[in-house]
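*Asks:* Sharing final.csv below, CSV, C-alpha atoms:
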```
chain,number,residue,atom,x,y,z
A,3,ALA,CA,0.0,0.0,0.0
A,4,PHE,CA,1.1,3.6,-0.3
A,5,VAL,CA,0.2,7.0,1.2
A,6,THR,CA,0.8,10.2,-0.7
A,7,LYS,CA,0.3,13.8,0.5
A,8,ILE,CA,-0.1,16.5,-2.1
A,9,ASP,CA,0.2,20.3,-1.3
A,10,PRO,CA,-2.2,22.3,-3.6
A,11,SER,CA,-0.9,25.7,-2.5
A,12,GLN,CA,1.4,26.3,-5.4
A,13,ALA,CA,-1.2,28.3,-7.5
A,14,GLY,CA,-2.2,25.5,-9.9
A,15,ASN,CA,1.0,23.6,-9.5
A,16,ALA,CA,0.4,21.0,-6.8
A,17,SER,CA,3.6,19.6,-5.2
A,18,LEU,CA,4.4,16.4,-3.5
A,19,VAL,CA,4.8,16.7,0.3
A,20,TYR,CA,5.5,13.0,0.8
A,21,SER,CA,4.9,9.6,-0.6
A,22,THR,CA,5.7,6.4,1.2
A,23,TYR,CA,5.1,2.7,1.1
A,24,LEU,CA,3.1,1.0,3.9
A,25,GLY,CA,3.7,-2.7,4.1
A,26,GLY,CA,5.8,-5.6,4.7
A,27,GLY,CA,6.6,-9.0,3.2
A,28,GLY,CA,3.1,-9.8,2.1
A,29,THR,CA,0.5,-8.2,-0.1
A,30,GLU,CA,-1.0,-5.1,1.4
A,31,GLU,CA,-4.0,-3.1,0.1
A,32,GLY,CA,-5.0,0.3,1.3
A,33,HIS,CA,-8.8,0.6,1.3
A,34,GLY,CA,-9.5,3.7,3.4
A,35,ILE,CA,-7.9,6.9,4.6
A,36,ALA,CA,-8.8,9.7,6.9
A,37,VAL,CA,-6.9,12.9,8.0
A,38,ALA,CA,-7.1,14.4,11.4
A,39,CYS,CA,-5.7,17.7,12.5
A,40,LEU,CA,-5.9,17.4,16.3
A,41,ASP,CA,-4.5,20.9,16.8
A,42,PRO,CA,-6.8,23.3,14.9
A,43,THR,CA,-4.3,26.1,15.1
A,44,ASP,CA,-1.7,24.2,13.2
A,45,PRO,CA,-3.2,22.7,9.9
A,46,THR,CA,0.3,21.5,8.9
A,47,ASN,CA,0.3,19.1,11.8
A,48,CYS,CA,-2.3,16.6,10.4
A,49,ASN,CA,-1.9,12.8,10.6
A,50,ALA,CA,-3.1,10.3,8.0
A,51,TYR,CA,-4.9,7.2,9.3
A,52,VAL,CA,-5.1,4.3,6.9
A,53,THR,CA,-6.9,0.9,6.9
A,54,GLY,CA,-6.9,-2.0,4.6
A,55,GLN,CA,-5.8,-5.6,4.4
A,56,ALA,CA,-2.3,-6.8,5.2
A,57,GLY,CA,-0.3,-9.9,4.5
A,58,SER,CA,2.3,-11.3,6.9
A,59,GLY,CA,5.2,-9.1,7.9
A,60,PHE,CA,3.3,-5.9,8.1
A,61,PRO,CA,5.1,-3.4,10.3
A,62,THR,CA,3.7,-3.0,13.8
A,63,THR,CA,5.2,-0.3,16.1
A,64,VAL,CA,5.5,0.4,19.8
A,65,ASN,CA,2.4,-0.8,21.7
A,66,PRO,CA,0.2,-2.1,18.8
A,67,PHE,CA,-3.1,-3.6,19.8
A,68,GLN,CA,-2.3,-6.8,17.9
A,69,THR,CA,1.3,-7.7,16.9
A,70,GLN,CA,0.7,-11.1,15.5
A,71,TYR,CA,-0.7,-11.9,12.0
A,72,GLY,CA,-3.8,-13.9,12.4
A,73,GLY,CA,-4.2,-15.8,9.2
A,74,SER,CA,-5.2,-15.4,5.6
A,75,GLY,CA,-5.1,-11.6,5.6
A,76,ASP,CA,-5.8,-9.3,8.5
A,77,ALA,CA,-7.2,-5.8,8.6
A,78,PHE,CA,-4.6,-3.2,9.5
A,79,VAL,CA,-4.9,0.3,11.1
A,80,ALA,CA,-1.9,2.7,10.8
A,81,LYS,CA,-1.3,6.3,11.8
A,82,LEU,CA,1.4,8.2,10.1
A,83,MET,CA,3.3,11.2,11.4
A,84,ALA,CA,2.3,14.5,9.8
A,85,ASP,CA,5.4,14.6,7.6
A,86,GLY,CA,5.0,11.0,6.6
A,87,SER,CA,8.5,10.1,7.9
A,88,ALA,CA,7.4,7.4,10.4
A,89,LEU,CA,4.5,5.5,11.8
A,90,VAL,CA,2.9,6.8,15.0
A,91,TYR,CA,1.3,3.3,15.4
A,92,SER,CA,0.4,0.4,13.2
A,93,THR,CA,-1.5,-2.7,14.2
A,94,TYR,CA,-3.1,-5.8,12.8
A,95,LEU,CA,-6.9,-6.2,13.5
A,96,GLY,CA,-8.1,-9.7,12.8
A,97,GLY,CA,-8.5,-13.4,13.5
A,98,SER,CA,-7.7,-16.6,11.7
A,99,GLY,CA,-9.8,-15.8,8.6
A,100,SER,CA,-9.7,-13.0,6.0
A,101,ASP,CA,-10.3,-9.6,7.5
A,102,GLN,CA,-10.3,-6.2,5.7
A,103,GLY,CA,-10.7,-2.7,6.9
A,104,HIS,CA,-12.6,-0.6,4.3
A,105,GLY,CA,-13.5,2.7,6.0
A,106,ILE,CA,-11.8,4.8,8.7
A,107,ALA,CA,-12.7,7.9,10.6
A,108,VAL,CA,-11.1,9.9,13.5
A,109,ASP,CA,-12.9,11.8,16.3
A,110,ALA,CA,-11.7,15.0,17.9
A,111,ASP,CA,-9.8,13.1,20.6
A,112,GLY,CA,-7.8,11.0,18.0
A,113,ASN,CA,-9.7,7.7,18.4
A,114,ALA,CA,-9.8,5.8,15.1
A,115,TYR,CA,-13.0,4.1,14.0
A,116,VAL,CA,-12.7,1.3,11.5
A,117,ALA,CA,-15.4,-0.6,9.5
A,118,GLY,CA,-14.8,-3.6,7.4
A,119,GLU,CA,-15.5,-7.3,6.9
A,120,THR,CA,-14.3,-10.4,8.6
A,121,SER,CA,-14.5,-14.1,7.9
A,122,SER,CA,-12.7,-15.0,11.1
A,123,GLY,CA,-15.8,-16.3,12.8
A,124,THR,CA,-15.5,-16.7,16.5
A,125,ASN,CA,-11.9,-15.4,16.9
A,126,PHE,CA,-12.1,-11.8,15.5
A,127,PRO,CA,-11.1,-9.5,18.4
A,128,ILE,CA,-14.3,-8.4,20.1
A,129,GLN,CA,-14.5,-5.8,22.9
A,130,ASP,CA,-17.7,-4.5,24.6
A,131,PRO,CA,-19.7,-5.6,21.5
A,132,PHE,CA,-23.2,-4.6,20.3
A,133,GLN,CA,-23.2,-8.0,18.6
A,134,ALA,CA,-20.9,-10.6,20.3
A,135,ALA,CA,-21.7,-13.5,18.0
A,136,TYR,CA,-20.6,-14.0,14.4
A,137,GLY,CA,-23.7,-14.0,12.2
A,138,GLY,CA,-22.7,-16.7,9.8
A,139,ALA,CA,-22.2,-17.2,6.1
A,140,ASP,CA,-18.9,-16.2,4.6
A,141,SER,CA,-18.5,-12.8,6.3
A,142,ASP,CA,-19.8,-10.3,8.8
A,143,ALA,CA,-19.3,-6.6,8.9
A,144,PHE,CA,-17.3,-5.3,11.9
A,145,VAL,CA,-16.9,-1.9,13.6
A,146,ALA,CA,-14.0,-1.2,15.9
A,147,LYS,CA,-12.7,1.8,17.8
A,148,LEU,CA,-9.0,2.1,18.8
A,149,ASN,CA,-7.7,4.6,21.4
A,150,PRO,CA,-5.5,7.5,20.2
A,151,ASP,CA,-2.2,5.6,20.7
A,152,GLY,CA,-3.5,2.5,18.8
A,153,ALA,CA,-2.7,0.1,21.7
A,154,THR,CA,-6.2,-0.5,23.1
A,155,LEU,CA,-9.4,-1.6,21.5
A,156,VAL,CA,-12.1,0.6,23.0
A,157,TYR,CA,-14.8,-1.5,21.4
A,158,SER,CA,-15.3,-3.9,18.5
A,159,THR,CA,-18.4,-5.6,17.4
A,160,TYR,CA,-19.8,-7.8,14.6
A,161,LEU,CA,-22.6,-6.4,12.5
A,162,GLY,CA,-24.3,-9.1,10.5
A,163,GLY,CA,-27.0,-11.6,10.1
A,164,SER,CA,-27.1,-15.1,8.5
A,165,GLY,CA,-26.0,-13.8,5.1
A,166,ASN,CA,-22.9,-12.1,3.9
A,167,ASP,CA,-22.4,-8.6,5.4
A,168,TYR,CA,-19.9,-5.9,4.5
A,169,ALA,CA,-19.1,-2.4,5.9
A,170,ARG,CA,-17.6,-0.1,3.3
A,171,GLY,CA,-17.5,3.2,5.1
A,172,ILE,CA,-17.7,4.9,8.5
A,173,ALA,CA,-18.3,8.4,9.8
A,174,VAL,CA,-18.1,9.8,13.3
A,175,ASP,CA,-20.0,12.8,14.7
A,176,ALA,CA,-18.9,15.4,17.3
A,177,ASP,CA,-20.3,13.2,20.1
A,178,GLY,CA,-18.3,10.1,19.0
A,179,ASN,CA,-21.3,8.3,17.5
A,180,ALA,CA,-20.2,6.0,14.6
A,181,TYR,CA,-22.3,5.7,11.4
A,182,VAL,CA,-21.6,2.7,9.2
```
Please go through the file and, once you have read it, give me the structure as structure tokens.
*Replies:*
Amino acid sequence: AFVTKIDPSQAGNASLVYSTYLGGGGTEEGHGIAVACLDPTDPTNCNAYVTGQAGSGFPTTVNPFQTQYGGSGDAFVAKLMADGSALVYSTYLGGSGSDQGHGIAVDADGNAYVAGETSSGTNFPIQDPFQAAYGGADSDAFVAKLNPDGATLVYSTYLGGSGNDYARGIAVDADGNAYV
């Protein structure tokens, strides 16, 4: 996967601020990106938050929520420094099946909200769920919230019934309510 930041301020001649790879030894796909400027007085200090699907060997950093690759593709959540020079955090999010993050949003406190799909059945990481049980079929949607340093899963839940369910996007309002 890759992340690129473009500066449009050059009067019609956009310039590249940074462009970096995000991955490891497997196949990585970026599916969603959000930008959060947690200091409104400094718009140059904005972090990119990325989600997608990672193969094995994806870089995890200090205090990731999940350091171990779970199986046949895990979702990932990564936060990049404002200048793109390093990861603030990066973590797997998945179980033994195929897991993909598709949408990501960030609240005013820096919590990351991820929506996607999982086929990990009963071993996808669940925390304080709305729906604790896997719905069945080949996949369920999931929604997860990570704390600002990426080390703690605030909540994670399945969203699905007896058929295949997918979550492709997520938004968060000023009160921290997630919309999938």
*Asks:* Counting only C-alpha atoms, which residues in segment 119-154 of chain A sit no more than 7 Å from segment 48-67 of chain A? For each one, give the nearest pair of atoms and the distance in Å, sorted by chain then residue number, as a Markdown table.
*Replies:*
```
| residue | atom | partner | partner_atom | distance |
| --- | --- | --- | --- | --- |
| A:Gly152 | CA | A:Pro66 | CA | 5.9 |
| A:Ala153 | CA | A:Phe67 | CA | 4.2 |
| A:Thr154 | CA | A:Phe67 | CA | 5.5 |
```
*Asks:* Using Å and a single decimal, report how far atom CA of His104 of chain A sits from atom CA of Tyr23 of chain A.
*Replies:* 18.3 Å
*Asks:* Report as JSON lines: every residue of segment 61-80 of chain A with an atom at most 10 Å from segment 125-149 of chain A, its closest pair of atoms, and their distance in Å to one decimal, counting all atoms listed in the file, with rows sorted by chain and ascending residue number.
*Replies:*
```
{"residue": "A:Phe67", "atom": "CA", "partner": "A:Leu148", "partner_atom": "CA", "distance": 8.3}
{"residue": "A:Gln68", "atom": "CA", "partner": "A:Pro127", "partner_atom": "CA", "distance": 9.2}
{"residue": "A:Gly72", "atom": "CA", "partner": "A:Phe126", "partner_atom": "CA", "distance": 9.1}
{"residue": "A:Asp76", "atom": "CA", "partner": "A:Phe126", "partner_atom": "CA", "distance": 9.7}
{"residue": "A:Val79", "atom": "CA", "partner": "A:Leu148", "partner_atom": "CA", "distance": 8.9}
```
*Asks:* Using only C-alpha atoms, tabulate the residues of segment 90-150 of chain A lying at most 7 Å from any atom of segment 38-45 of chain A, each with its closest atom pair and that distance in Å to one decimal, by chain and increasing residue number, as a Markdown table.
*Replies:*
```
| residue | atom | partner | partner_atom | distance |
| --- | --- | --- | --- | --- |
| A:Val108 | CA | A:Ala38 | CA | 6.4 |
| A:Ala110 | CA | A:Leu40 | CA | 6.5 |
| A:Gly112 | CA | A:Leu40 | CA | 6.9 |
```
*Asks:* Quick one: everything within 7 Å of Asp109 of chain A, counting all atoms listed in the file, minus sequence neighbours fewer than 4 positions away in the same chain. Send it as a ChimeraX atom specification.
*Replies:* /A:113-114,174,178
*Asks:* Pick out the closest residue to Ser121 of chain A from this set: A:Asn47, A:Ser158, A:Ser92, A:Ser74. Count all atoms listed in the file.
*Replies:*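 Of A:Asn47, A:Ser158, A:Ser92, A:Ser74, the one nearest Ser121 of chain A, counting all atoms listed in the file, is A:Ser74.
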*Asks:* Choose the residue, out of A:Val37, A:Ala180, A:Leu155, A:Ala107, that has the smallest atom-to-atom separation from Met83 of chain A; count only C-alpha atoms.
*Replies:*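 Among A:Val37, A:Ala180, A:Leu155, A:Ala107, it is A:Val37 that comes nearest to Met83 of chain A.
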*Asks:* At a cut-off of 10 Å, using all atoms listed in the file, what residues contact Tyr20 of chain A? Leave out same-chain residues fewer than 4 positions from it and give the result as a PyMOL selection string.
*Replies:* chain A and resi 5-9+84-87
*Asks:* Using C-alpha atoms, can you write the selected residues to a file as an mmCIF file, in the coordinates of the input?
*Replies:*
```cif
data_model
loop_
_atom_site.group_PDB
_atom_site.id
_atom_site.type_symbol
_atom_site.label_atom_id
_atom_site.label_comp_id
_atom_site.auth_asym_id
_atom_site.auth_seq_id
_atom_site.Cartn_x
_atom_site.Cartn_y
_atom_site.Cartn_z
ATOM 1 C CA VAL A 5 0.200 7.000 1.200
ATOM 2 C CA THR A 6 0.800 10.200 -0.700
ATOM 3 C CA LYS A 7 0.300 13.800 0.500
ATOM 4 C CA ILE A 8 -0.100 16.500 -2.100
ATOM 5 C CA ASP A 9 0.200 20.300 -1.300
ATOM 6 C CA ALA A 84 2.300 14.500 9.800
ATOM 7 C CA ASP A 85 5.400 14.600 7.600
ATOM 8 C CA GLY A 86 5.000 11.000 6.600
ATOM 9 C CA SER A 87 8.500 10.100 7.900
#
```
*Asks:* Pick from A:Leu24, A:Ala176, A:Val116, A:Val156: nearest to Leu89 of chain A, with only C-alpha atoms counted?
*Replies:*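 Closest to Leu89 of chain A of all the choices is A:Leu24.
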*Asks:* If you measure from atom CA of Gly162 of chain A to atom CA of Glu31 of chain A, what distance in Å do you get, rounded to one decimal?
*Replies:*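 About the pair atom CA of Gly162 of chain A and atom CA of Glu31 of chain A: they are 23.6 Å apart.
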*Asks:* Between A:Tyr160, A:Gly165, A:Tyr115, A:Ala36, single out the one closest to Asn179 of chain A, counting only C-alpha atoms.
*Replies:*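 Counting only C-alpha atoms, the residue closest to Asn179 of chain A is A:Tyr115.
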*Asks:* Tell me, in Å to one decimal, how far atom CA of Thr124 of chain A is from atom CA of Gly97 of chain A.
*Replies:*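 Distance between the two atoms: 8.3 Å.
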*Asks:* I'd like to know which of A:Gln102, A:Phe4, A:Asp111, A:Lys81 is closest to Asp175 of chain A, using all atoms listed in the file.
*Replies:*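 The shortest atom-to-atom distance to Asp175 of chain A comes from A:Asp111.
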